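The data block below is run_28.pdb; it holds PDB, N, CA and C atoms.
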MODEL        1
ATOM      1  N   MET A 126      40.220 -21.335   3.564  1.00  0.00           N
ATOM      2  CA  MET A 126      38.899 -21.773   3.979  1.00  0.00           C
ATOM      3  C   MET A 126      38.970 -22.465   5.338  1.00  0.00           C
ATOM      4  N   ARG A 127      39.993 -23.253   5.535  1.00  0.00           N
ATOM      5  CA  ARG A 127      40.151 -23.960   6.806  1.00  0.00           C
ATOM      6  C   ARG A 127      40.330 -22.962   7.958  1.00  0.00           C
ATOM      7  N   THR A 128      41.092 -21.922   7.714  1.00  0.00           N
ATOM      8  CA  THR A 128      41.315 -20.904   8.738  1.00  0.00           C
ATOM      9  C   THR A 128      39.999 -20.227   9.108  1.00  0.00           C
ATOM     10  N   LEU A 129      39.184 -19.953   8.113  1.00  0.00           N
ATOM     11  CA  LEU A 129      37.882 -19.333   8.359  1.00  0.00           C
ATOM     12  C   LEU A 129      36.998 -20.235   9.216  1.00  0.00           C
ATOM     13  N   ARG A 130      37.000 -21.516   8.927  1.00  0.00           N
ATOM     14  CA  ARG A 130      36.198 -22.458   9.722  1.00  0.00           C
ATOM     15  C   ARG A 130      36.694 -22.533  11.163  1.00  0.00           C
ATOM     16  N   LEU A 131      38.007 -22.560  11.349  1.00  0.00           N
ATOM     17  CA  LEU A 131      38.564 -22.591  12.697  1.00  0.00           C
ATOM     18  C   LEU A 131      38.192 -21.320  13.467  1.00  0.00           C
ATOM     19  N   LEU A 132      38.297 -20.186  12.793  1.00  0.00           N
ATOM     20  CA  LEU A 132      37.940 -18.918  13.409  1.00  0.00           C
ATOM     21  C   LEU A 132      36.452 -18.899  13.781  1.00  0.00           C
ATOM     22  N   GLU A 133      35.627 -19.381  12.871  1.00  0.00           N
ATOM     23  CA  GLU A 133      34.191 -19.442  13.128  1.00  0.00           C
ATOM     24  C   GLU A 133      33.883 -20.333  14.336  1.00  0.00           C
ATOM     25  N   GLU A 134      34.528 -21.468  14.410  1.00  0.00           N
ATOM     26  CA  GLU A 134      34.304 -22.366  15.535  1.00  0.00           C
ATOM     27  C   GLU A 134      34.676 -21.709  16.854  1.00  0.00           C
ATOM     28  N   ARG A 135      35.773 -20.985  16.869  1.00  0.00           N
ATOM     29  CA  ARG A 135      36.220 -20.319  18.101  1.00  0.00           C
ATOM     30  C   ARG A 135      35.272 -19.190  18.500  1.00  0.00           C
ATOM     31  N   LEU A 136      34.858 -18.408  17.534  1.00  0.00           N
ATOM     32  CA  LEU A 136      34.036 -17.238  17.839  1.00  0.00           C
ATOM     33  C   LEU A 136      32.578 -17.583  18.129  1.00  0.00           C
ATOM     34  N   LEU A 137      32.053 -18.592  17.485  1.00  0.00           N
ATOM     35  CA  LEU A 137      30.629 -18.887  17.587  1.00  0.00           C
ATOM     36  C   LEU A 137      30.327 -20.105  18.444  1.00  0.00           C
ATOM     37  N   ARG A 138      31.292 -20.616  19.143  1.00  0.00           N
ATOM     38  CA  ARG A 138      31.088 -21.833  19.919  1.00  0.00           C
ATOM     39  C   ARG A 138      29.915 -21.689  20.889  1.00  0.00           C
ATOM     40  N   GLY A 139      29.925 -20.646  21.700  1.00  0.00           N
ATOM     41  CA  GLY A 139      28.846 -20.438  22.665  1.00  0.00           C
ATOM     42  C   GLY A 139      27.515 -20.184  21.988  1.00  0.00           C
ATOM     43  N   GLY A 140      27.535 -19.419  20.927  1.00  0.00           N
ATOM     44  CA  GLY A 140      26.299 -19.118  20.196  1.00  0.00           C
ATOM     45  C   GLY A 140      25.693 -20.361  19.577  1.00  0.00           C
ATOM     46  N   ARG A 141      26.526 -21.217  19.072  1.00  0.00           N
ATOM     47  CA  ARG A 141      26.033 -22.459  18.476  1.00  0.00           C
ATOM     48  C   ARG A 141      25.408 -23.345  19.553  1.00  0.00           C
ATOM     49  N   ARG A 142      26.050 -23.376  20.703  1.00  0.00           N
ATOM     50  CA  ARG A 142      25.529 -24.169  21.816  1.00  0.00           C
ATOM     51  C   ARG A 142      24.151 -23.629  22.233  1.00  0.00           C
ATOM     52  N   THR A 143      24.042 -22.311  22.311  1.00  0.00           N
ATOM     53  CA  THR A 143      22.764 -21.691  22.669  1.00  0.00           C
ATOM     54  C   THR A 143      21.705 -22.002  21.615  1.00  0.00           C
ATOM     55  N   ALA A 144      22.089 -21.948  20.361  1.00  0.00           N
ATOM     56  CA  ALA A 144      21.142 -22.245  19.281  1.00  0.00           C
ATOM     57  C   ALA A 144      20.645 -23.683  19.377  1.00  0.00           C
ATOM     58  N   LEU A 145      21.541 -24.598  19.677  1.00  0.00           N
ATOM     59  CA  LEU A 145      21.125 -25.994  19.827  1.00  0.00           C
ATOM     60  C   LEU A 145      20.183 -26.169  21.012  1.00  0.00           C
ATOM     61  N   ARG A 146      20.471 -25.492  22.112  1.00  0.00           N
ATOM     62  CA  ARG A 146      19.573 -25.569  23.271  1.00  0.00           C
ATOM     63  C   ARG A 146      18.201 -25.000  22.936  1.00  0.00           C
ATOM     64  N   ASN A 147      18.184 -23.873  22.239  1.00  0.00           N
ATOM     65  CA  ASN A 147      16.909 -23.270  21.854  1.00  0.00           C
ATOM     66  C   ASN A 147      16.129 -24.181  20.913  1.00  0.00           C
ATOM     67  N   ALA A 148      16.835 -24.792  19.989  1.00  0.00           N
ATOM     68  CA  ALA A 148      16.170 -25.707  19.055  1.00  0.00           C
ATOM     69  C   ALA A 148      15.588 -26.901  19.801  1.00  0.00           C
ATOM     70  N   TRP A 149      16.337 -27.454  20.748  1.00  0.00           N
ATOM     71  CA  TRP A 149      15.850 -28.595  21.513  1.00  0.00           C
ATOM     72  C   TRP A 149      14.638 -28.198  22.358  1.00  0.00           C
ATOM     73  N   ALA A 150      14.675 -27.018  22.947  1.00  0.00           N
ATOM     74  CA  ALA A 150      13.534 -26.538  23.732  1.00  0.00           C
ATOM     75  C   ALA A 150      12.298 -26.400  22.842  1.00  0.00           C
ATOM     76  N   ALA A 151      12.487 -25.920  21.626  1.00  0.00           N
ATOM     77  CA  ALA A 151      11.365 -25.781  20.694  1.00  0.00           C
ATOM     78  C   ALA A 151      10.798 -27.151  20.331  1.00  0.00           C
ATOM     79  N   VAL A 152      11.659 -28.131  20.143  1.00  0.00           N
ATOM     80  CA  VAL A 152      11.207 -29.490  19.838  1.00  0.00           C
ATOM     81  C   VAL A 152      10.379 -30.038  20.996  1.00  0.00           C
ATOM     82  N   GLN A 153      10.857 -29.827  22.222  1.00  0.00           N
ATOM     83  CA  GLN A 153      10.133 -30.318  23.398  1.00  0.00           C
ATOM     84  C   GLN A 153       8.768 -29.635  23.513  1.00  0.00           C
ATOM     85  N   GLU A 154       8.704 -28.325  23.273  1.00  0.00           N
ATOM     86  CA  GLU A 154       7.432 -27.603  23.331  1.00  0.00           C
ATOM     87  C   GLU A 154       6.469 -28.108  22.266  1.00  0.00           C
ATOM     88  N   ASP A 155       6.974 -28.372  21.066  1.00  0.00           N
ATOM     89  CA  ASP A 155       6.127 -28.914  20.004  1.00  0.00           C
ATOM     90  C   ASP A 155       5.563 -30.275  20.397  1.00  0.00           C
ATOM     91  N   ARG A 156       6.381 -31.102  21.014  1.00  0.00           N
ATOM     92  CA  ARG A 156       5.913 -32.414  21.462  1.00  0.00           C
ATOM     93  C   ARG A 156       4.828 -32.275  22.524  1.00  0.00           C
ATOM     94  N   GLU A 157       5.022 -31.340  23.448  1.00  0.00           N
ATOM     95  CA  GLU A 157       4.015 -31.122  24.491  1.00  0.00           C
ATOM     96  C   GLU A 157       2.701 -30.623  23.896  1.00  0.00           C
ATOM     97  N   ARG A 158       2.782 -29.688  22.951  1.00  0.00           N
ATOM     98  CA  ARG A 158       1.562 -29.194  22.289  1.00  0.00           C
ATOM     99  C   ARG A 158       0.864 -30.312  21.526  1.00  0.00           C
ATOM    100  N   ALA A 159       1.633 -31.151  20.857  1.00  0.00           N
ATOM    101  CA  ALA A 159       1.046 -32.261  20.103  1.00  0.00           C
ATOM    102  C   ALA A 159       0.354 -33.242  21.048  1.00  0.00           C
ATOM    103  N   ALA A 160       0.979 -33.528  22.186  1.00  0.00           N
ATOM    104  CA  ALA A 160       0.365 -34.437  23.162  1.00  0.00           C
ATOM    105  C   ALA A 160      -0.915 -33.835  23.722  1.00  0.00           C
ATOM    106  N   ALA A 161      -0.903 -32.542  24.024  1.00  0.00           N
ATOM    107  CA  ALA A 161      -2.102 -31.874  24.542  1.00  0.00           C
ATOM    108  C   ALA A 161      -3.213 -31.870  23.494  1.00  0.00           C
ATOM    109  N   ARG A 162      -2.857 -31.627  22.247  1.00  0.00           N
ATOM    110  CA  ARG A 162      -3.852 -31.626  21.174  1.00  0.00           C
ATOM    111  C   ARG A 162      -4.459 -33.015  21.002  1.00  0.00           C
ATOM    112  N   THR A 163      -3.626 -34.056  21.055  1.00  0.00           N
ATOM    113  CA  THR A 163      -4.119 -35.425  20.932  1.00  0.00           C
ATOM    114  C   THR A 163      -5.068 -35.758  22.076  1.00  0.00           C
ATOM    115  N   GLU A 164      -4.714 -35.370  23.286  1.00  0.00           N
ATOM    116  CA  GLU A 164      -5.567 -35.626  24.449  1.00  0.00           C
ATOM    117  C   GLU A 164      -6.896 -34.886  24.318  1.00  0.00           C
ATOM    118  N   ALA A 165      -6.859 -33.648  23.844  1.00  0.00           N
ATOM    119  CA  ALA A 165      -8.095 -32.880  23.655  1.00  0.00           C
ATOM    120  C   ALA A 165      -8.976 -33.543  22.593  1.00  0.00           C
ATOM    121  N   GLU A 166      -8.370 -34.015  21.524  1.00  0.00           N
ATOM    122  CA  GLU A 166      -9.144 -34.697  20.476  1.00  0.00           C
ATOM    123  C   GLU A 166      -9.790 -35.968  21.017  1.00  0.00           C
ATOM    124  N   ARG A 167      -9.064 -36.722  21.835  1.00  0.00           N
ATOM    125  CA  ARG A 167      -9.626 -37.937  22.442  1.00  0.00           C
ATOM    126  C   ARG A 167     -10.812 -37.603  23.339  1.00  0.00           C
ATOM    127  N   ALA A 168     -10.650 -36.554  24.150  1.00  0.00           N
ATOM    128  CA  ALA A 168     -11.735 -36.159  25.055  1.00  0.00           C
ATOM    129  C   ALA A 168     -12.960 -35.717  24.267  1.00  0.00           C
ATOM    130  N   LEU A 169     -12.762 -34.931  23.237  1.00  0.00           N
ATOM    131  CA  LEU A 169     -13.895 -34.478  22.419  1.00  0.00           C
ATOM    132  C   LEU A 169     -14.575 -35.644  21.711  1.00  0.00           C
ATOM    133  N   THR A 170     -13.800 -36.584  21.224  1.00  0.00           N
ATOM    134  CA  THR A 170     -14.364 -37.763  20.571  1.00  0.00           C
ATOM    135  C   THR A 170     -15.162 -38.598  21.564  1.00  0.00           C
ATOM    136  N   ALA A 171     -14.644 -38.749  22.774  1.00  0.00           N
ATOM    137  CA  ALA A 171     -15.353 -39.524  23.799  1.00  0.00           C
ATOM    138  C   ALA A 171     -16.673 -38.877  24.145  1.00  0.00           C
ATOM    139  N   VAL A 172     -16.707 -37.565  24.261  1.00  0.00           N
ATOM    140  CA  VAL A 172     -17.954 -36.858  24.575  1.00  0.00           C
ATOM    141  C   VAL A 172     -18.917 -36.957  23.409  1.00  0.00           C
ATOM    142  N   ARG A 173     -18.415 -36.809  22.210  1.00  0.00           N
ATOM    143  CA  ARG A 173     -19.270 -36.841  21.025  1.00  0.00           C
ATOM    144  C   ARG A 173     -19.890 -38.222  20.818  1.00  0.00           C
ATOM    145  N   ASP A 174     -19.131 -39.280  21.108  1.00  0.00           N
ATOM    146  CA  ASP A 174     -19.569 -40.631  20.788  1.00  0.00           C
ATOM    147  C   ASP A 174     -20.326 -41.343  21.903  1.00  0.00           C
ATOM    148  N   ARG A 175     -20.479 -40.716  23.071  1.00  0.00           N
ATOM    149  CA  ARG A 175     -21.173 -41.429  24.144  1.00  0.00           C
ATOM    150  C   ARG A 175     -22.668 -41.448  23.878  1.00  0.00           C
ATOM    151  N   PRO A 176     -23.354 -42.475  24.399  1.00  0.00           N
ATOM    152  CA  PRO A 176     -24.793 -42.607  24.167  1.00  0.00           C
ATOM    153  C   PRO A 176     -25.573 -41.411  24.708  1.00  0.00           C
ATOM    154  N   ALA A 177     -26.745 -41.173  24.110  1.00  0.00           N
ATOM    155  CA  ALA A 177     -27.555 -40.008  24.475  1.00  0.00           C
ATOM    156  C   ALA A 177     -27.994 -40.047  25.939  1.00  0.00           C
ATOM    157  N   GLY A 178     -28.268 -41.228  26.492  1.00  0.00           N
ATOM    158  CA  GLY A 178     -28.713 -41.331  27.870  1.00  0.00           C
ATOM    159  C   GLY A 178     -27.639 -40.968  28.872  1.00  0.00           C
ATOM    160  N   LEU A 179     -26.401 -40.912  28.436  1.00  0.00           N
ATOM    161  CA  LEU A 179     -25.291 -40.598  29.331  1.00  0.00           C
ATOM    162  C   LEU A 179     -24.744 -39.201  29.043  1.00  0.00           C
ATOM    163  N   SER A 180     -25.639 -38.316  28.669  1.00  0.00           N
ATOM    164  CA  SER A 180     -25.180 -36.997  28.244  1.00  0.00           C
ATOM    165  C   SER A 180     -24.755 -36.108  29.396  1.00  0.00           C
ATOM    166  N   GLY A 181     -25.093 -36.468  30.624  1.00  0.00           N
ATOM    167  CA  GLY A 181     -24.663 -35.661  31.760  1.00  0.00           C
ATOM    168  C   GLY A 181     -25.624 -34.523  32.023  1.00  0.00           C
ATOM    169  N   PRO A 182     -25.278 -33.655  32.941  1.00  0.00           N
ATOM    170  CA  PRO A 182     -26.181 -32.562  33.298  1.00  0.00           C
ATOM    171  C   PRO A 182     -26.327 -31.577  32.155  1.00  0.00           C
ATOM    172  N   LYS A 183     -27.504 -30.981  32.095  1.00  0.00           N
ATOM    173  CA  LYS A 183     -27.765 -29.977  31.069  1.00  0.00           C
ATOM    174  C   LYS A 183     -27.098 -28.657  31.472  1.00  0.00           C
ATOM    175  N   VAL A 184     -26.475 -28.046  30.541  1.00  0.00           N
ATOM    176  CA  VAL A 184     -25.825 -26.763  30.781  1.00  0.00           C
ATOM    177  C   VAL A 184     -26.661 -25.705  30.089  1.00  0.00           C
ATOM    178  N   PRO A 185     -27.141 -24.712  30.839  1.00  0.00           N
ATOM    179  CA  PRO A 185     -27.980 -23.690  30.185  1.00  0.00           C
ATOM    180  C   PRO A 185     -27.192 -22.915  29.165  1.00  0.00           C
ATOM    181  N   GLN A 186     -27.853 -22.625  28.068  1.00  0.00           N
ATOM    182  CA  GLN A 186     -27.204 -21.829  27.028  1.00  0.00           C
ATOM    183  C   GLN A 186     -27.214 -20.365  27.425  1.00  0.00           C
ATOM    184  N   ALA A 187     -26.217 -19.651  26.997  1.00  0.00           N
ATOM    185  CA  ALA A 187     -26.151 -18.232  27.309  1.00  0.00           C
ATOM    186  C   ALA A 187     -27.289 -17.510  26.597  1.00  0.00           C
ATOM    187  N   THR A 188     -27.877 -16.584  27.287  1.00  0.00           N
ATOM    188  CA  THR A 188     -28.972 -15.808  26.679  1.00  0.00           C
ATOM    189  C   THR A 188     -28.419 -14.523  26.120  1.00  0.00           C
ATOM    190  N   ARG A 189     -29.010 -14.089  25.065  1.00  0.00           N
ATOM    191  CA  ARG A 189     -28.593 -12.839  24.466  1.00  0.00           C
ATOM    192  C   ARG A 189     -29.210 -11.675  25.224  1.00  0.00           C
ATOM    193  N   SER A 190     -28.449 -10.647  25.407  1.00  0.00           N
ATOM    194  CA  SER A 190     -29.020  -9.461  26.036  1.00  0.00           C
ATOM    195  C   SER A 190     -29.690  -8.625  24.970  1.00  0.00           C
ATOM    196  N   PRO A 191     -30.848  -8.072  25.279  1.00  0.00           N
ATOM    197  CA  PRO A 191     -31.559  -7.253  24.276  1.00  0.00           C
ATOM    198  C   PRO A 191     -30.737  -6.010  23.935  1.00  0.00           C
ATOM    199  N   GLN A 192     -30.744  -5.690  22.673  1.00  0.00           N
ATOM    200  CA  GLN A 192     -29.979  -4.510  22.244  1.00  0.00           C
ATOM    201  C   GLN A 192     -30.873  -3.468  21.639  1.00  0.00           C
TER
ENDMDL
END

What does the file become when written as structure tokens?
Amino acid sequence: MRTLRLLEERLLRGGRRTALRNAWAAVQEDRERAAARTEAERALTAVRDRPAGLSGPKVPQATRSPQ
């Protein structure tokens, strides 16, 4: 069993390193997505909770084309 582990370490050393790098990159991307989602939620909450008099400019709604 020990020989198998030594052989595995020698053969898969680079692959294991790559796997760890990929895993770390995935963790960083997840953190970035979570931060972006939190910021979007804050912005939406701020817009939703502001007083009616501070609603900003009116945005025309899209009109449906006759079919």

Set up a box along x, y and z of the file covering all listed atoms of range 147-156 of chain A, add 3 Å on every one of the six sides, and write the centre and edge lengths in Å to one decimal, as AutoDock Vina command-line options.
--center_x 11.5 --center_y -27.8 --center_z 21.4 --size_x 19.4 --size_y 15.1 --size_z 10.7

Measure the distance from CA of Glu133 in chain A to CA of Leu145 in chain A in Å and round it to one decimal. 16.1 Å

Between atom N of Arg142 in chain A and CA of Arg130 in chain A, distance in Å (one decimal):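 Pair atom N of Arg142 in chain A / CA of Arg130 in chain A returns 15.0 Å.
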